[in-house]
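This report concerns only the one structure given below.
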Amino acid sequence: MKILTCLLLIVSFAVQADDYAAVRQSMIDELQVYAKLARDTDASRLSDAVLRAMNTVERHRMVPASQLPFAYENRPLPIGHGQTISQPYIVALMTELIEPDADDVVLEIGTGSGYQAAVLAELVEHVYSIEIIEALATQAKHRLESMGYDNVTTRLGDGYFGWDEHAPFDAIVVTAAASHVPPPLIEQLKPGGLMIIPVGGRFMTQTLLLLEKTDDGEIITRQYGAVRFVPLTGKH
Ligand code: SAM
C-alpha cells in the first residue's frame with residue numbers, strides 16, 4: 001500500500017512538472033508571435049538565447065499561490081504590496097534590448113518577485129538587483145537562493161542611486177517607471193553599456209527607453225513603444 005502511495009505521488013509530481021513545461025512552452029510560442037506583431041526589436045524577433053532563458057525560468061515559482069493558474073499567461077500578475085511580476089513579453093524584450101553577453105555584469109532596479117533577475121542570470125555572469133520593499137526583497141532573496149541562482153546578489157534599498165560599489169555595469173534594467181532617467185544610473189553605466197528604462201508619468205503609460213553610453217560618454221536614446229509599470233518610489 002505504501003509503495004502504491006509513493007508511486008502515485010511520484011506520478012502526480014511528474015505530471016505536474018510536465019504540465020508546467022507544456023504551458024511554459026505555449027508561453028514561449030506566444031512570445032514569438034507577439035514579437036513579430038509588435039516589431040519592437042530591430043529583427044522583429046526574440047533571440048534563441050533569450051527564448052531559452054524564458055523557457056528555463058520557472059515563473060510558477062515566482063508568483064503567489066492564488067496566481068498559480070495564471071503563471072504562464074503573458075501578462076503582469078499581482079505579487080502583493082501593490083506590486084507586480086512583469087509581463088513575460090516585456091521581460092523578454094527588455095532582456096533582448098540590453099544585448100546580454102555571458103561575461104556581462106548587470107544591475108536591475110526593482111527585484112520584485114525575482115523573475116527578471118532570474119532570466120538575466122541565465123544569460124550573464126552576474127546580476128545585482130535592488131528592491132525598495134523589505135518584504136519583497138527578503139522573499140526574492142530566499143527564492144532566488146532556493147532556485148540555485150548563485151550569480152544574483154540582491155539588497156534592500158532605493159535603486160535610484162544604483163549600486164556604486166559594484167559599478168560600472170555592462171547593462172542596467174529598470175523595472176519601475178521613473179519620471180526621468182536617474183543620473184546616478186547613467187554614471188554607473190560602462191562606456192559602451194546599455195540601459196533599458198520606462199520613463200513617464202505615474203498614472204499613465206510610459207515610454208520604454210534604451211540608452212546607450214558611447215565610448216566617449218555621450219548618451220544616445222532610442223524609444224521602444226508604450227509600457228505600463230508601477231512607479232519608481234523612494235525619497236530621491
Ligand atoms: N523585476 C520585477 C519582477 O520580475 O518581478 C518586477 C517588479 S515590479 C514591476 C517593480 C518593482 O520595483 C517593485 O517590486 C517595486 O517595489 C520596486 N521599486 C519601486 N521603486 C523602487 C526603487 N526606488 N528602488 C528599488 N526598487 C523599487
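The way I read the labels, and the way they are meant: chains A, B, ... in the order of the C-alpha cells, residue 1 as the first residue of every chain, and ligand 1 as the first ligand shown, with later ones counted on from there.
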Quick one: residues within 6 Å of ligand 1, with only C-alpha atoms and all ligand atoms, as a list in words?
->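 Taking only C-alpha atoms and all ligand atoms into account, the residues around ligand 1 at most 6 Å away are Gln83, Thr84, Ile85, Ser86, Ile109, Gly110, Thr111, Gly112, Ser113, Gly114, Tyr115, Gln116, Ile130, Glu131, Ile132, Ile133, Gly157, Asp158, Gly159, Tyr160, Thr175, Ala176, Phe229, Val230, Pro231, Leu232, Thr233 and Gly234 of chain A.
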Serialized selection, N, CA, C and O atoms, as a CSV table (one decimal), in the first residue's frame:
```csv
chain,number,residue,atom,x,y,z
A,83,GLN,N,2.5,45.5,-5.8
A,83,GLN,CA,3.5,45.4,-6.9
A,83,GLN,C,3.1,44.2,-7.8
A,83,GLN,O,2.2,43.4,-7.6
A,84,THR,N,3.8,44.1,-8.9
A,84,THR,CA,3.5,43.1,-9.9
A,84,THR,C,4.8,42.4,-10.4
A,84,THR,O,5.9,43.0,-10.4
A,85,ILE,N,4.6,41.1,-10.9
A,85,ILE,CA,5.6,40.5,-11.7
A,85,ILE,C,5.4,40.9,-13.1
A,85,ILE,O,4.2,40.9,-13.5
A,86,SER,N,6.4,41.3,-13.8
A,86,SER,CA,6.2,41.9,-15.1
A,86,SER,C,5.7,40.9,-16.2
A,86,SER,O,5.8,39.7,-16.0
A,109,ILE,N,17.0,47.3,-11.3
A,109,ILE,CA,16.3,48.1,-10.2
A,109,ILE,C,14.9,47.6,-10.1
A,109,ILE,O,14.2,47.7,-11.1
A,110,GLY,N,14.5,47.1,-9.0
A,110,GLY,CA,13.1,46.6,-8.8
A,110,GLY,C,13.1,45.1,-8.8
A,110,GLY,O,12.6,44.5,-9.8
A,111,THR,N,13.7,44.4,-7.8
A,111,THR,CA,13.7,43.0,-7.8
A,111,THR,C,12.4,42.3,-7.9
A,111,THR,O,12.2,41.3,-8.6
A,112,GLY,N,11.4,42.9,-7.2
A,112,GLY,CA,10.0,42.4,-7.1
A,112,GLY,C,10.0,40.9,-6.8
A,112,GLY,O,10.5,40.5,-5.7
A,113,SER,N,9.5,40.1,-7.7
A,113,SER,CA,9.4,38.6,-7.5
A,113,SER,C,10.8,37.9,-7.7
A,113,SER,O,11.0,36.8,-7.2
A,114,GLY,N,11.7,38.6,-8.4
A,114,GLY,CA,13.0,38.0,-8.8
A,114,GLY,C,13.0,37.4,-10.2
A,114,GLY,O,14.0,36.8,-10.6
A,115,TYR,N,11.8,37.5,-10.9
A,115,TYR,CA,11.7,36.9,-12.2
A,115,TYR,C,12.7,37.4,-13.2
A,115,TYR,O,13.4,36.7,-13.9
A,116,GLN,N,12.7,38.8,-13.4
A,116,GLN,CA,13.6,39.4,-14.4
A,116,GLN,C,15.0,39.1,-14.0
A,116,GLN,O,15.9,38.8,-14.9
A,130,ILE,N,18.3,45.5,-6.8
A,130,ILE,CA,17.9,46.3,-5.6
A,130,ILE,C,16.3,46.4,-5.6
A,130,ILE,O,15.7,46.6,-6.6
A,131,GLU,N,15.8,46.2,-4.4
A,131,GLU,CA,14.3,46.3,-4.2
A,131,GLU,C,14.1,47.2,-3.0
A,131,GLU,O,14.8,47.1,-2.0
A,132,ILE,N,13.1,48.0,-3.1
A,132,ILE,CA,12.8,49.0,-2.0
A,132,ILE,C,11.9,48.5,-1.0
A,132,ILE,O,11.8,49.1,0.1
A,133,ILE,N,11.0,47.5,-1.3
A,133,ILE,CA,10.1,47.0,-0.3
A,133,ILE,C,10.7,45.8,0.5
A,133,ILE,O,11.0,44.8,-0.2
A,157,GLY,N,17.0,48.6,-0.8
A,157,GLY,CA,17.4,49.9,-0.9
A,157,GLY,C,16.7,50.7,-2.0
A,157,GLY,O,15.8,50.2,-2.7
A,158,ASP,N,17.1,52.0,-2.2
A,158,ASP,CA,16.5,52.8,-3.2
A,158,ASP,C,17.4,52.7,-4.5
A,158,ASP,O,18.5,53.3,-4.5
A,159,GLY,N,16.9,52.0,-5.5
A,159,GLY,CA,17.6,51.8,-6.7
A,159,GLY,C,17.9,53.1,-7.5
A,159,GLY,O,18.8,53.0,-8.4
A,160,TYR,N,17.3,54.2,-7.2
A,160,TYR,CA,17.5,55.4,-7.9
A,160,TYR,C,19.0,55.7,-7.9
A,160,TYR,O,19.6,56.3,-8.8
A,175,THR,N,13.0,48.3,-13.7
A,175,THR,CA,11.7,47.6,-13.9
A,175,THR,C,10.6,48.4,-13.2
A,175,THR,O,9.6,47.8,-12.8
A,176,ALA,N,10.8,49.7,-12.9
A,176,ALA,CA,9.7,50.5,-12.3
A,176,ALA,C,9.8,51.8,-13.1
A,176,ALA,O,10.9,52.2,-13.6
A,229,PHE,N,4.3,50.4,-16.1
A,229,PHE,CA,4.9,49.9,-15.0
A,229,PHE,C,4.5,50.6,-13.7
A,229,PHE,O,4.0,51.7,-13.7
A,230,VAL,N,4.6,49.9,-12.6
A,230,VAL,CA,4.4,50.6,-11.3
A,230,VAL,C,5.5,51.6,-11.1
A,230,VAL,O,6.6,51.5,-11.7
A,231,PRO,N,5.2,52.7,-10.3
A,231,PRO,CA,6.2,53.7,-10.2
A,231,PRO,C,7.5,53.4,-9.4
A,231,PRO,O,7.5,52.6,-8.5
A,232,LEU,N,8.6,54.1,-9.8
A,232,LEU,CA,9.8,54.0,-9.1
A,232,LEU,C,9.6,54.9,-7.9
A,232,LEU,O,9.3,56.1,-8.0
A,233,THR,N,9.6,54.4,-6.7
A,233,THR,CA,9.3,55.2,-5.5
A,233,THR,C,10.6,55.5,-4.8
A,233,THR,O,11.7,55.3,-5.3
A,234,GLY,N,10.5,56.1,-3.6
A,234,GLY,CA,11.8,56.4,-2.9
A,234,GLY,C,11.8,57.9,-2.6
A,234,GLY,O,10.9,58.7,-3.1
```
Per-residue DSSP, range 41-207 of chain A, filtered to strand (DSSP E), as a PyMOL selection string | chain A and resi 77-80+83-85+105-109+126-131+152-156+169-174+189-199+206-207
Among the residues A:Asp19, A:Arg75, A:Leu93, A:Gly193, the one that comes closest to Gln32 in chain A [using only C-alpha atoms] | A:Leu93
So which residues of range 143-230 of chain A fall under alpha helix (DSSP H) by DSSP, listed as a PyMOL selection string?
-> chain A and resi 143-146+183-187
Please provide the set of residues having any atom within 12 Å of Thr56 in chain A, restricted to only C-alpha atoms, with same-chain residues fewer than 6 positions apart removed, written as a VMD selection string.
-> chain A and resid 20 to 22 24 to 25 27 to 28 49 to 50 115 118 to 123 147
Nearest candidate to Gly192 in chain A (options A:Arg39, A:Thr214, A:Val174, A:Gln206; using only C-alpha atoms) =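 Among A:Arg39, A:Thr214, A:Val174, A:Gln206, it is A:Thr214 that comes nearest to Gly192 in chain A.
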Name all residues at most 10 Å from Asp104 in chain A (count only C-alpha atoms; drop same-chain ones fewer than 2 positions away) and give them as a JSON list (two decimals) with N, CA, C and O atoms, in the first residue's frame.
```json
[["chain", "number", "residue", "atom", "x", "y", "z"],
["A", 99, "GLU", "N", 21.11, 43.36, -24.99],
["A", 99, "GLU", "CA", 22.11, 42.53, -25.67],
["A", 99, "GLU", "C", 23.02, 41.80, -24.68],
["A", 99, "GLU", "O", 24.23, 42.03, -24.64],
["A", 100, "PRO", "N", 22.43, 40.92, -23.86],
["A", 100, "PRO", "CA", 23.22, 40.27, -22.79],
["A", 100, "PRO", "C", 24.33, 39.37, -23.34],
["A", 100, "PRO", "O", 24.12, 38.63, -24.29],
["A", 101, "ASP", "N", 25.50, 39.47, -22.70],
["A", 101, "ASP", "CA", 26.63, 38.59, -23.04],
["A", 101, "ASP", "C", 27.02, 37.79, -21.80],
["A", 101, "ASP", "O", 26.82, 38.26, -20.67],
["A", 102, "ALA", "N", 27.63, 36.63, -22.04],
["A", 102, "ALA", "CA", 27.93, 35.71, -20.93],
["A", 102, "ALA", "C", 28.83, 36.33, -19.87],
["A", 102, "ALA", "O", 28.78, 35.93, -18.71],
["A", 106, "VAL", "N", 25.25, 42.92, -14.72],
["A", 106, "VAL", "CA", 24.04, 43.72, -14.95],
["A", 106, "VAL", "C", 23.44, 44.17, -13.62],
["A", 106, "VAL", "O", 23.40, 43.40, -12.66],
["A", 107, "LEU", "N", 22.96, 45.41, -13.61],
["A", 107, "LEU", "CA", 22.24, 45.92, -12.43],
["A", 107, "LEU", "C", 20.76, 45.97, -12.77],
["A", 107, "LEU", "O", 20.38, 46.49, -13.83],
["A", 120, "LEU", "N", 17.77, 37.16, -16.42],
["A", 120, "LEU", "CA", 19.08, 37.74, -16.71],
["A", 120, "LEU", "C", 20.19, 36.79, -16.26],
["A", 120, "LEU", "O", 21.19, 36.60, -16.97],
["A", 121, "ALA", "N", 19.99, 36.17, -15.09],
["A", 121, "ALA", "CA", 21.02, 35.29, -14.52],
["A", 121, "ALA", "C", 21.30, 34.08, -15.42],
["A", 121, "ALA", "O", 22.38, 33.50, -15.37],
["A", 123, "LEU", "N", 21.67, 34.30, -18.50],
["A", 123, "LEU", "CA", 22.37, 34.78, -19.69],
["A", 123, "LEU", "C", 23.68, 35.51, -19.40],
["A", 123, "LEU", "O", 24.52, 35.62, -20.30],
["A", 124, "VAL", "N", 23.83, 36.06, -18.21],
["A", 124, "VAL", "CA", 25.00, 36.89, -17.94],
["A", 124, "VAL", "C", 25.80, 36.33, -16.77],
["A", 124, "VAL", "O", 25.35, 35.39, -16.10],
["A", 125, "GLU", "N", 26.96, 36.96, -16.51],
["A", 125, "GLU", "CA", 27.82, 36.43, -15.45],
["A", 125, "GLU", "C", 27.24, 36.71, -14.07],
["A", 125, "GLU", "O", 27.18, 35.84, -13.21],
["A", 126, "HIS", "N", 26.83, 37.97, -13.85],
["A", 126, "HIS", "CA", 26.32, 38.31, -12.51],
["A", 126, "HIS", "C", 25.24, 39.38, -12.59],
["A", 126, "HIS", "O", 25.32, 40.28, -13.43],
["A", 127, "VAL", "N", 24.25, 39.24, -11.73],
["A", 127, "VAL", "CA", 23.16, 40.22, -11.65],
["A", 127, "VAL", "C", 23.15, 40.80, -10.24],
["A", 127, "VAL", "O", 23.16, 40.05, -9.26],
["A", 169, "PHE", "N", 28.50, 49.01, -14.71],
["A", 169, "PHE", "CA", 27.75, 47.86, -15.19],
["A", 169, "PHE", "C", 27.73, 47.83, -16.72],
["A", 169, "PHE", "O", 27.67, 48.88, -17.37],
["A", 170, "ASP", "N", 27.70, 46.63, -17.26],
["A", 170, "ASP", "CA", 27.58, 46.48, -18.73],
["A", 170, "ASP", "C", 26.18, 46.87, -19.17],
["A", 170, "ASP", "O", 25.98, 47.35, -20.29],
["A", 171, "ALA", "N", 25.20, 46.62, -18.29],
["A", 171, "ALA", "CA", 23.82, 46.98, -18.62],
["A", 171, "ALA", "C", 23.05, 47.25, -17.33],
["A", 171, "ALA", "O", 23.39, 46.71, -16.27],
["A", 193, "GLY", "N", 27.91, 50.67, -22.63],
["A", 193, "GLY", "CA", 26.83, 49.95, -21.93],
["A", 193, "GLY", "C", 25.44, 50.39, -22.37],
["A", 193, "GLY", "O", 25.26, 51.44, -23.00]]
```
Could you state the separation of CA of Pro182 in chain A and CA of Arg59 in chain A in Å, given to one decimal place?
->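 Value for the CA of Pro182 in chain A-CA of Arg59 in chain A distance: 29.2 Å.
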Compile the contact shell of Gln67 in chain A as JSON, numbers by chain: residues with an atom at most 8 Å away, counting only C-alpha atoms, same-chain residues fewer than 3 positions apart removed.
-> {"A": [63, 64, 70, 71, 77, 78]}
Spatial neighbours of Ala92 in chain A, 8 Å, only C-alpha atoms, chain gap at least 6 places, as a list in words | Leu46, Val50, Leu51 and Met54 of chain A
Which residue of A:Ala178, A:Lys213, A:Ala137, A:Glu187 approaches Gly201 in chain A most closely, using only C-alpha atoms =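 Comparing A:Ala178, A:Lys213, A:Ala137, A:Glu187 against Gly201 in chain A, the winner is A:Ala178.
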